[in-house]
file structure-v3.csv (CSV, C-alpha atoms)
chain,number,residue,atom,x,y,z
A,1,MET,CA,47.9,169.6,55.5
A,2,GLU,CA,51.5,168.9,54.4
A,3,VAL,CA,53.9,168.2,57.2
A,4,GLN,CA,57.2,170.0,57.0
A,5,PRO,CA,59.9,167.9,58.6
A,6,VAL,CA,62.3,169.4,61.1
A,7,ILE,CA,65.4,167.3,62.0
A,8,CYS,CA,67.4,168.1,65.1
A,9,HIS,CA,70.7,166.6,65.9
A,10,LYS,CA,73.6,166.9,68.3
A,11,LYS,CA,77.0,166.6,66.8
A,12,SER,CA,78.4,163.2,67.5
A,13,ASP,CA,81.7,162.3,69.1
A,14,THR,CA,84.2,160.0,67.6
A,15,PHE,CA,83.6,156.4,68.8
A,16,GLU,CA,86.8,154.4,69.5
A,17,MET,CA,87.6,150.8,70.1
A,18,LYS,CA,90.1,149.6,72.7
A,19,GLY,CA,93.5,150.5,71.6
A,20,GLY,CA,92.4,153.8,70.1
A,21,ILE,CA,91.3,152.5,66.7
A,22,LYS,CA,88.7,154.8,65.3
A,23,MET,CA,85.5,153.1,64.3
A,24,SER,CA,83.1,155.7,63.1
A,25,VAL,CA,82.1,159.4,63.1
A,26,ILE,CA,78.8,160.9,62.2
A,27,ASN,CA,79.1,164.6,61.8
A,28,VAL,CA,75.7,166.3,61.3
A,29,PRO,CA,74.2,169.8,61.8
A,30,ARG,CA,72.6,170.6,65.0
A,31,TYR,CA,69.4,171.8,63.3
A,32,TYR,CA,68.0,171.4,59.8
A,33,GLU,CA,64.7,173.0,58.9
A,34,ASN,CA,63.1,172.9,55.5
A,35,LYS,CA,59.9,174.7,56.1
A,36,ILE,CA,58.4,177.0,53.4
A,37,GLY,CA,59.0,180.6,54.4
A,38,ILE,CA,61.6,179.8,57.0
A,39,ILE,CA,63.7,182.8,55.9
A,40,LYS,CA,61.1,185.0,57.5
A,41,GLU,CA,61.9,183.3,60.8
A,42,ALA,CA,65.6,183.1,60.4
A,43,GLY,CA,66.4,185.6,63.1
A,44,GLU,CA,64.6,183.5,65.7
A,45,GLN,CA,66.9,180.6,65.1
A,46,ILE,CA,70.1,182.6,64.5
A,47,LYS,CA,69.8,184.6,67.7
A,48,LYS,CA,70.3,181.3,69.6
A,49,ILE,CA,73.8,181.1,68.0
A,50,GLY,CA,75.0,184.7,67.8
A,51,LYS,CA,74.2,188.4,67.8
A,52,ASN,CA,76.8,189.8,65.4
A,53,ALA,CA,76.6,188.2,62.0
A,54,PHE,CA,78.8,188.3,59.0
A,55,VAL,CA,76.8,187.5,55.9
A,56,ILE,CA,78.5,186.2,52.7
A,57,GLY,CA,76.6,185.5,49.5
A,58,GLY,CA,76.5,186.1,45.8
A,59,ASN,CA,74.6,189.0,44.3
A,60,THR,CA,71.7,186.9,43.0
A,61,ALA,CA,71.4,184.8,46.1
A,62,ILE,CA,71.4,187.9,48.4
A,63,SER,CA,68.8,189.6,46.3
A,64,ILE,CA,66.5,186.6,46.7
A,65,VAL,CA,66.5,186.6,50.5
A,66,GLU,CA,67.7,190.0,51.7
A,67,LYS,CA,64.3,191.6,52.3
A,68,ASP,CA,62.9,188.8,54.6
A,69,LEU,CA,66.3,187.8,56.1
A,70,TYR,CA,67.4,191.3,57.0
A,71,SER,CA,64.0,192.1,58.4
A,72,SER,CA,64.1,189.0,60.6
A,73,LEU,CA,67.7,189.7,61.8
A,74,ARG,CA,66.8,193.3,62.8
A,75,LYS,CA,63.6,192.1,64.5
A,76,ASN,CA,65.7,189.8,66.6
A,77,ASN,CA,68.3,192.4,67.4
A,78,ILE,CA,71.1,190.8,65.4
A,79,ASP,CA,73.7,193.1,64.0
A,80,TYR,CA,75.0,192.1,60.5
A,81,GLU,CA,77.5,193.1,57.9
A,82,VAL,CA,77.2,191.8,54.3
A,83,GLU,CA,80.0,190.7,51.9
A,84,ILE,CA,79.1,190.1,48.3
A,85,PHE,CA,81.2,187.3,47.0
A,86,SER,CA,81.8,186.0,43.4
A,87,GLY,CA,84.3,183.6,42.1
A,88,TYR,CA,85.8,180.5,43.6
A,89,PRO,CA,86.5,179.6,47.3
A,90,THR,CA,90.3,179.9,47.5
A,91,GLN,CA,92.7,179.9,50.3
A,92,LYS,CA,93.3,183.6,49.7
A,93,SER,CA,89.6,184.4,50.0
A,94,ILE,CA,89.3,182.3,53.2
A,95,ASP,CA,92.3,184.1,54.8
A,96,GLU,CA,91.1,187.6,53.7
A,97,LEU,CA,87.5,187.2,55.0
A,98,SER,CA,88.7,185.4,58.2
A,99,ASN,CA,90.7,188.5,59.0
A,100,ILE,CA,87.7,190.8,58.5
A,101,ILE,CA,85.6,188.6,60.7
A,102,PHE,CA,88.3,188.7,63.4
A,103,ILE,CA,88.5,192.5,63.3
A,104,ASN,CA,84.7,192.8,63.4
A,105,LYS,CA,84.4,190.4,66.3
A,106,ASN,CA,81.5,188.6,64.6
A,107,ASP,CA,80.2,185.6,66.5
A,108,VAL,CA,78.3,183.8,63.7
A,109,ILE,CA,78.7,183.5,59.9
A,110,ILE,CA,75.8,183.2,57.5
A,111,GLY,CA,76.4,181.8,54.0
A,112,ILE,CA,73.8,182.3,51.3
A,113,GLY,CA,73.8,180.8,47.8
A,114,GLY,CA,75.2,177.7,46.1
A,115,GLY,CA,78.0,175.3,46.7
A,116,ARG,CA,81.0,177.6,46.2
A,117,VAL,CA,79.8,180.2,48.6
A,118,LEU,CA,78.7,177.6,51.2
A,119,ASP,CA,82.0,175.8,50.9
A,120,LEU,CA,83.8,179.1,51.4
A,121,VAL,CA,81.7,180.0,54.5
A,122,LYS,CA,82.2,176.6,56.1
A,123,ALA,CA,85.9,176.8,55.6
A,124,ILE,CA,86.0,180.3,57.2
A,125,GLY,CA,84.0,179.1,60.1
A,126,ASP,CA,86.4,176.2,60.6
A,127,LYS,CA,89.4,178.5,60.5
A,128,VAL,CA,88.1,181.2,62.9
A,129,ASN,CA,86.2,178.6,65.1
A,130,LEU,CA,82.7,180.2,64.7
A,131,PRO,CA,79.3,178.6,64.1
A,132,VAL,CA,78.0,178.7,60.5
A,133,VAL,CA,74.5,179.1,59.2
A,134,THR,CA,73.9,177.9,55.6
A,135,ILE,CA,71.0,179.2,53.6
A,136,PRO,CA,71.0,177.4,50.2
A,137,THR,CA,69.2,179.2,47.4
A,138,ILE,CA,69.8,176.4,44.8
A,139,PRO,CA,69.6,172.7,45.4
A,140,ALA,CA,72.6,171.8,43.2
A,141,THR,CA,74.7,170.0,45.8
A,142,CYS,CA,74.7,168.9,49.5
A,143,ALA,CA,77.2,171.7,50.4
A,144,ALA,CA,74.7,173.3,52.8
A,145,TRP,CA,75.0,170.2,55.0
A,146,SER,CA,78.4,168.5,54.5
A,147,ALA,CA,81.4,168.8,56.8
A,148,LEU,CA,83.7,169.3,53.8
A,149,SER,CA,84.8,172.3,51.7
A,150,VAL,CA,86.1,172.0,48.2
A,151,ILE,CA,88.8,174.6,47.6
A,152,TYR,CA,89.9,176.0,44.3
A,153,LYS,CA,92.8,177.8,42.7
A,154,GLU,CA,92.3,181.3,41.4
A,155,ASN,CA,92.0,180.0,37.9
A,156,GLY,CA,89.1,177.7,38.7
A,157,GLU,CA,91.0,174.4,39.1
A,158,GLN,CA,90.1,172.3,42.1
A,159,ASP,CA,92.9,172.5,44.6
A,160,THR,CA,92.2,170.5,47.7
A,161,TYR,CA,89.5,169.4,50.2
A,162,ILE,CA,89.2,170.7,53.8
A,163,ASN,CA,87.7,168.2,56.1
A,164,LEU,CA,85.9,170.4,58.6
A,165,LYS,CA,85.7,169.9,62.3
A,166,ASN,CA,81.9,170.3,62.2
A,167,SER,CA,79.0,170.5,59.8
A,168,PRO,CA,77.1,173.8,59.8
A,169,GLU,CA,75.4,174.7,63.1
A,170,LEU,CA,72.1,175.5,61.3
A,171,ILE,CA,70.7,174.9,57.9
A,172,LEU,CA,67.6,176.9,56.7
A,173,ALA,CA,66.4,175.3,53.5
A,174,ASP,CA,63.4,177.4,52.4
A,175,LYS,CA,61.6,175.2,49.9
A,176,GLU,CA,59.7,178.1,48.4
A,177,ILE,CA,63.0,179.6,47.3
A,178,LEU,CA,64.7,176.3,46.4
A,179,ALA,CA,61.8,175.1,44.3
A,180,LYS,CA,62.1,178.2,42.1
A,181,ALA,CA,65.8,177.5,41.3
A,182,PRO,CA,66.5,177.1,37.5
A,183,ILE,CA,65.7,173.5,36.6
A,184,ARG,CA,69.3,173.0,35.4
A,185,TYR,CA,70.6,173.4,38.9
A,186,ILE,CA,68.0,171.0,40.3
A,187,ASN,CA,68.8,168.4,37.7
A,188,SER,CA,72.5,168.8,38.5
A,189,GLY,CA,71.8,168.2,42.2
A,190,VAL,CA,69.8,165.1,41.3
A,191,ALA,CA,72.7,163.8,39.2
A,192,ASP,CA,75.2,164.5,42.0
A,193,THR,CA,73.0,162.7,44.5
A,194,ILE,CA,72.4,159.6,42.3
A,195,VAL,CA,76.1,159.2,41.8
A,196,LYS,CA,76.9,158.7,45.5
A,197,TRP,CA,75.4,155.2,45.7
A,198,TYR,CA,77.4,154.0,42.7
A,199,GLU,CA,80.6,155.4,44.0
A,200,ILE,CA,80.2,153.7,47.4
A,201,VAL,CA,78.8,150.3,46.5
A,202,PRO,CA,82.0,148.8,45.0
A,203,ASP,CA,83.6,149.0,48.5
A,204,LEU,CA,80.9,146.7,49.8
A,205,ASN,CA,82.3,143.6,48.1
A,206,ASP,CA,85.3,143.4,50.5
A,207,ASN,CA,83.7,145.1,53.4
A,208,LYS,CA,80.3,143.5,53.9
A,209,ASN,CA,80.5,143.7,57.7
A,210,ASP,CA,81.3,147.4,57.8
A,211,PHE,CA,78.2,148.9,59.4
A,212,CYS,CA,79.0,152.5,58.5
A,213,LEU,CA,79.4,151.6,54.8
A,214,ARG,CA,76.1,149.8,54.9
A,215,LEU,CA,74.4,152.7,56.6
A,216,GLN,CA,75.8,155.1,53.9
A,217,LEU,CA,74.4,152.9,51.2
A,218,LYS,CA,71.0,152.7,52.8
A,219,VAL,CA,70.8,156.5,52.9
A,220,CYS,CA,71.9,156.7,49.3
A,221,GLU,CA,69.5,154.0,48.3
A,222,LEU,CA,66.5,155.9,49.7
A,223,ALA,CA,67.5,159.0,47.7
A,224,ASP,CA,68.1,156.9,44.5
A,225,GLU,CA,64.7,155.1,44.8
A,226,PHE,CA,62.9,158.4,44.7
A,227,LEU,CA,65.1,160.2,42.2
A,228,ARG,CA,65.5,157.4,39.7
A,229,GLU,CA,61.8,156.6,39.7
A,230,ASP,CA,59.5,159.4,40.8
A,231,TYR,CA,61.7,162.4,39.9
A,232,ILE,CA,62.9,161.3,36.5
A,233,ASN,CA,59.6,159.9,35.4
A,234,SER,CA,57.7,163.0,36.5
A,235,PHE,CA,60.3,165.2,34.8
A,236,ARG,CA,59.9,163.3,31.5
A,237,LYS,CA,56.1,163.7,31.6
A,238,GLY,CA,56.3,167.4,32.5
A,239,GLU,CA,54.6,166.8,35.8
A,240,LEU,CA,57.4,167.6,38.2
A,241,PHE,CA,55.7,170.7,39.7
A,242,LYS,CA,52.1,169.3,39.6
A,243,ASN,CA,52.6,167.5,42.9
A,244,PRO,CA,54.4,169.5,45.6
A,245,TYR,CA,55.9,166.3,47.2
A,246,LEU,CA,58.0,165.7,44.1
A,247,ILE,CA,60.1,168.8,44.2
A,248,ASN,CA,60.1,168.8,48.0
A,249,ASN,CA,61.5,165.3,48.2
A,250,ALA,CA,64.0,166.1,45.5
A,251,ILE,CA,65.3,169.0,47.6
A,252,ASP,CA,65.6,166.8,50.7
A,253,SER,CA,67.3,164.1,48.7
A,254,ILE,CA,69.9,166.5,47.4
A,255,ILE,CA,70.6,168.4,50.6
A,256,MET,CA,69.6,166.2,53.5
A,257,LEU,CA,70.1,162.6,52.3
A,258,ALA,CA,73.2,163.2,50.2
A,259,GLY,CA,74.6,165.3,53.1
A,260,LEU,CA,73.8,162.7,55.7
A,261,ALA,CA,75.5,160.0,53.6
A,262,GLY,CA,78.6,162.1,53.4
A,263,SER,CA,78.5,162.7,57.1
A,264,ILE,CA,79.0,159.1,58.0
A,265,LYS,CA,82.7,158.3,58.2
A,266,GLY,CA,83.8,154.8,58.9
A,267,SER,CA,87.1,152.9,58.4
A,268,ILE,CA,86.6,152.6,54.6
A,269,PRO,CA,87.7,155.7,52.7
A,270,TYR,CA,85.3,157.2,50.1
A,271,GLY,CA,86.8,156.0,46.8
A,272,GLY,CA,84.4,157.2,44.2
A,273,LEU,CA,85.7,157.8,40.7
A,274,ALA,CA,82.9,160.2,39.5
A,275,HIS,CA,84.0,162.9,41.9
A,276,GLN,CA,87.6,162.4,41.1
A,277,PHE,CA,86.6,162.9,37.5
A,278,TYR,CA,85.0,166.2,38.4
A,279,ASN,CA,88.1,167.4,40.4
A,280,ASN,CA,90.5,166.7,37.5
A,281,SER,CA,88.1,168.0,34.8
A,282,THR,CA,88.6,171.4,36.3
A,283,LYS,CA,92.1,171.4,34.9
A,284,VAL,CA,90.5,171.5,31.4
A,285,HIS,CA,89.1,175.0,31.6
A,286,GLU,CA,86.7,174.5,28.8
A,287,THR,CA,84.6,172.2,31.0
A,288,ASN,CA,84.2,174.8,33.8
A,289,SER,CA,81.1,176.3,32.5
A,290,LEU,CA,79.3,173.1,33.5
A,291,LEU,CA,77.9,172.6,37.0
A,292,HIS,CA,79.4,170.2,39.5
A,293,GLY,CA,76.7,167.5,39.2
A,294,GLU,CA,76.8,167.7,35.4
A,295,LYS,CA,80.4,166.7,35.4
A,296,VAL,CA,80.1,164.3,38.2
A,297,ILE,CA,77.4,162.3,36.4
A,298,PHE,CA,79.6,162.2,33.3
A,299,GLY,CA,82.3,160.7,35.5
A,300,LEU,CA,79.8,158.0,36.5
A,301,LEU,CA,79.6,156.9,32.9
A,302,VAL,CA,83.4,156.6,32.9
A,303,GLN,CA,83.2,154.5,36.1
A,304,LEU,CA,80.5,152.2,34.6
A,305,GLU,CA,82.6,151.6,31.5
A,306,LEU,CA,85.6,150.7,33.7
A,307,GLU,CA,83.4,148.3,35.7
A,308,LYS,CA,82.6,146.7,32.3
A,309,LYS,CA,78.9,147.2,32.7
A,310,SER,CA,76.8,145.9,29.8
A,311,GLU,CA,76.1,148.2,26.8
A,312,ASP,CA,72.4,148.0,27.6
A,313,GLU,CA,72.9,149.1,31.2
A,314,ILE,CA,75.1,152.0,30.1
A,315,SER,CA,72.6,153.0,27.4
A,316,GLY,CA,69.9,153.1,30.1
A,317,TYR,CA,71.9,155.6,32.1
A,318,ILE,CA,72.5,157.7,29.0
A,319,GLU,CA,68.8,157.7,28.2
A,320,TRP,CA,67.7,159.3,31.5
A,321,MET,CA,70.7,161.6,31.6
A,322,GLN,CA,69.7,163.0,28.2
A,323,ALA,CA,66.1,163.3,29.5
A,324,LEU,CA,67.5,165.6,32.3
A,325,ASN,CA,69.7,167.5,29.8
A,326,LEU,CA,72.9,166.2,31.3
A,327,PRO,CA,76.1,165.8,29.3
A,328,THR,CA,76.7,162.4,27.7
A,329,THR,CA,79.4,163.3,25.1
A,330,LEU,CA,82.8,165.0,25.2
A,331,LYS,CA,81.4,167.8,23.1
A,332,GLU,CA,78.6,168.4,25.6
A,333,LEU,CA,81.3,168.3,28.3
A,334,GLY,CA,83.0,171.2,26.6
A,335,ILE,CA,85.8,169.1,25.0
A,336,ASP,CA,85.5,169.5,21.2
A,337,SER,CA,89.2,170.0,20.3
A,338,GLU,CA,92.5,168.2,21.3
A,339,SER,CA,90.2,165.6,23.0
A,340,ILE,CA,92.9,163.0,23.4
A,341,PHE,CA,95.3,165.4,25.2
A,342,LYS,CA,92.5,166.8,27.4
A,343,VAL,CA,91.0,163.4,28.3
A,344,SER,CA,94.5,162.1,29.1
A,345,LYS,CA,95.1,165.0,31.4
A,346,ILE,CA,92.0,164.2,33.3
A,347,ALA,CA,92.8,160.5,33.4
A,348,LYS,CA,96.3,161.1,34.6
A,349,GLY,CA,95.0,163.2,37.5
A,350,ILE,CA,92.7,160.5,38.6
A,351,ILE,CA,95.4,157.8,38.4
A,352,ASP,CA,97.9,160.0,40.4
A,353,VAL,CA,95.5,160.5,43.3

call {"tool": "encode", "arguments": {"input": "structure-v3.csv", "output": "structure tokens"}}
result
Amino acid sequence: MEVQPVICHKKSDTFEMKGGIKMSVINVPRYYENKIGIIKEAGEQIKKIGKNAFVIGGNTAISIVEKDLYSSLRKNNIDYEVEIFSGYPTQKSIDELSNIIFINKNDVIIGIGGGRVLDLVKAIGDKVNLPVVTIPTIPATCAAWSALSVIYKENGEQDTYINLKNSPELILADKEILAKAPIRYINSGVADTIVKWYEIVPDLNDNKNDFCLRLQLKVCELADEFLREDYINSFRKGELFKNPYLINNAIDSIIMLAGLAGSIKGSIPYGGLAHQFYNNSTKVHETNSLLHGEKVIFGLLVQLELEKKSEDEISGYIEWMQALNLPTTLKELGIDSESIFKVSKIAKGIIDV
């Protein structure tokens, strides 16, 4: 019988040295459950947090979970109102929905969907000081876990980050739903997760005694070991769904391990180039049909080139990226005209950070 892991945490405090110098913060959810069919039991967990829920999700995501979720909420005497959301998480949408929640006197917010919706919900929870429940329906990022929201402008350009006071209170990662996500979204999540180790490891050269940094890298290393070996090899052979542990471990790597790595905050700022490439690529609107991880992994190629990695090493990355149908050329990124101007725009944004 397969064991479905359940991870319980209490949110940590900030640890301080004498003199008030901050050492480290680990900001994690109180409860993460990844059991198959957990949506049918959602109300049992949510009732411990609140009784008047505001549910936010996209049309497709809501349609996937609504029958089981709403039934479970009603069974546990939880009132709920549903807001269908599309588009980008913007400051305007945060303010508007926060006002509705304030008027409704909701006491818990439930986010359903992918990274944009979950980032929106977390930012709203932070603004109105209410607990957040995330229910990811695609494993394309670690947004269900992270104490961070990426905020956009109305035109789809990345605007800013909001560092949140807390991670979500509760994460319900139903692997039956997540395993059925389009493979493009899963591969994008794999790419986004693999990148994190490569973004963090350059900081180790001058900070070998920073324990938080080493802990982050160990978590990323665990994810990379599985994704770079088991996942990619099984995908190439067409065997990804033949062994349940493969897709199950991929989901946990994307949501749990990448989320945990991002939850560890030490004295060394996160300085990855690949995510900065993503942020600034949103200014070139032709690229915005690509997923977050698809652009982040392209940014890793840029980083490897700047690090003067060997041609053979970079070719190895390109080979497995192509196997997962990830972009490896400017044309695949969406840049097939005025390329010098558009690449320069992205580069200038990275340099100016």

call {"tool": "residues_around", "arguments": {"input": "structure-v3.csv", "residues": "range 62-69 of chain A", "least_positions_apart": "3", "cutoff": "7 Å", "atoms": "all atoms listed in the file", "output": "PyMOL selection string"}}
result
chain A and resi 39-40+42+57-59+72-73+112

call {"tool": "closest_residue", "arguments": {"input": "structure-v3.csv", "among": "A:Cys220, A:Ala250, A:Leu97, A:Leu172", "to": "Val190 in chain A", "atoms": "all atoms listed in the file"}}
result
A:Ala250

call {"tool": "residues_around", "arguments": {"input": "structure-v3.csv", "residues": "range 191-200 of chain A", "least_positions_apart": "2", "cutoff": "6 Å", "atoms": "only C-alpha atoms", "output": "count of residues only"}}
result
11

call {"tool": "residues_around", "arguments": {"input": "structure-v3.csv", "residues": "Leu324 in chain A", "least_positions_apart": "3", "cutoff": "7 Å", "atoms": "all atoms listed in the file", "output": "CSV table (one decimal) with C-alpha atoms, in the coordinates of the input"}}
result
chain,number,residue,atom,x,y,z
A,187,ASN,CA,68.8,168.4,37.7
A,320,TRP,CA,67.7,159.3,31.5
A,321,MET,CA,70.7,161.6,31.6

call {"tool": "residues_around", "arguments": {"input": "structure-v3.csv", "residues": "Val121 in chain A", "least_positions_apart": "6", "cutoff": "12 Å", "atoms": "all atoms listed in the file", "output": "JSON, numbers by chain"}}
result
{"A": [54, 55, 56, 57, 58, 83, 85, 88, 89, 90, 91, 93, 94, 95, 97, 98, 101, 108, 109, 110, 111, 112, 113, 114, 115, 127, 128, 129, 130, 131, 132, 133, 134, 135, 136, 143, 144, 145, 146, 147, 148, 149, 150, 151, 162, 164, 167, 168, 169]}

call {"tool": "atom_distance", "arguments": {"input": "structure-v3.csv", "atom1": "CA of Leu260 in chain A", "atom2": "CA of Leu170 in chain A"}}
result
14.1 Å

call {"tool": "residues_around", "arguments": {"input": "structure-v3.csv", "residues": "Phe226 in chain A", "least_positions_apart": "6", "cutoff": "9 Å", "atoms": "all atoms listed in the file", "output": "NGL selection string"}}
result
:A and (232 or 246 or 249-250 or 253)

call {"tool": "write_last_selection", "arguments": {"input": "structure-v3.csv", "atoms": "C-alpha atoms", "output": "PDB file, in the frame of the given file"}}
result
ATOM      1  CA  ILE A 232      62.900 161.300  36.500  1.00  0.00           C
ATOM      2  CA  LEU A 246      58.000 165.700  44.100  1.00  0.00           C
ATOM      3  CA  ASN A 249      61.500 165.300  48.200  1.00  0.00           C
ATOM      4  CA  ALA A 250      64.000 166.100  45.500  1.00  0.00           C
ATOM      5  CA  SER A 253      67.300 164.100  48.700  1.00  0.00           C
TER       6      SER A 253
END

call {"tool": "atom_distance", "arguments": {"input": "structure-v3.csv", "atom1": "CA of Lys331 in chain A", "atom2": "CA of Val284 in chain A"}}
result
12.9 Å

call {"tool": "atom_distance", "arguments": {"input": "structure-v3.csv", "atom1": "CA of Ala140 in chain A", "atom2": "CA of Ala181 in chain A"}}
result
9.1 Å

call {"tool": "closest_atom_pairs", "arguments": {"input": "structure-v3.csv", "of": "range 227-275 of chain A", "to": "range 335-349 of chain A", "cutoff": "12 Å", "atoms": "all atoms listed in the file", "output": "CSV"}}
result
residue,atom,partner,partner_atom,distance
A:Leu273,CA,A:Ala347,CA,10.5
A:Ala274,CA,A:Ala347,CA,11.6
A:His275,CA,A:Ile346,CA,11.8

call {"tool": "closest_residue", "arguments": {"input": "structure-v3.csv", "among": "A:Ile177, A:Met256, A:Glu294, A:Leu217", "to": "Tyr32 in chain A", "atoms": "only C-alpha atoms"}}
result
A:Met256

call {"tool": "closest_residue", "arguments": {"input": "structure-v3.csv", "among": "A:Glu96, A:Asp107, A:Lys309, A:Gly43", "to": "Asn77 in chain A", "atoms": "only C-alpha atoms"}}
result
A:Gly43

call {"tool": "closest_residue", "arguments": {"input": "structure-v3.csv", "among": "A:Lys153, A:Ile171, A:Ser281, A:Asp159", "to": "Gln45 in chain A", "atoms": "only C-alpha atoms"}}
result
A:Ile171

call {"tool": "closest_residue", "arguments": {"input": "structure-v3.csv", "among": "A:Ile36, A:Cys142, A:Ala323, A:Leu301", "to": "Ser234 in chain A", "atoms": "all atoms listed in the file"}}
result
A:Ala323

call {"tool": "axis_aligned_box", "arguments": {"input": "structure-v3.csv", "around": "range 220-223 of chain A", "padding_each_side": "6 Å", "output": "JSON"}}
result
{"center_x": 69.2, "center_y": 156.5, "center_z": 48.7, "size_x": 17.4, "size_y": 17.0, "size_z": 14.0}

call {"tool": "closest_residue", "arguments": {"input": "structure-v3.csv", "among": "A:Ala223, A:Val28, A:Val296, A:Leu257", "to": "Phe277 in chain A", "atoms": "all atoms listed in the file"}}
result
A:Val296
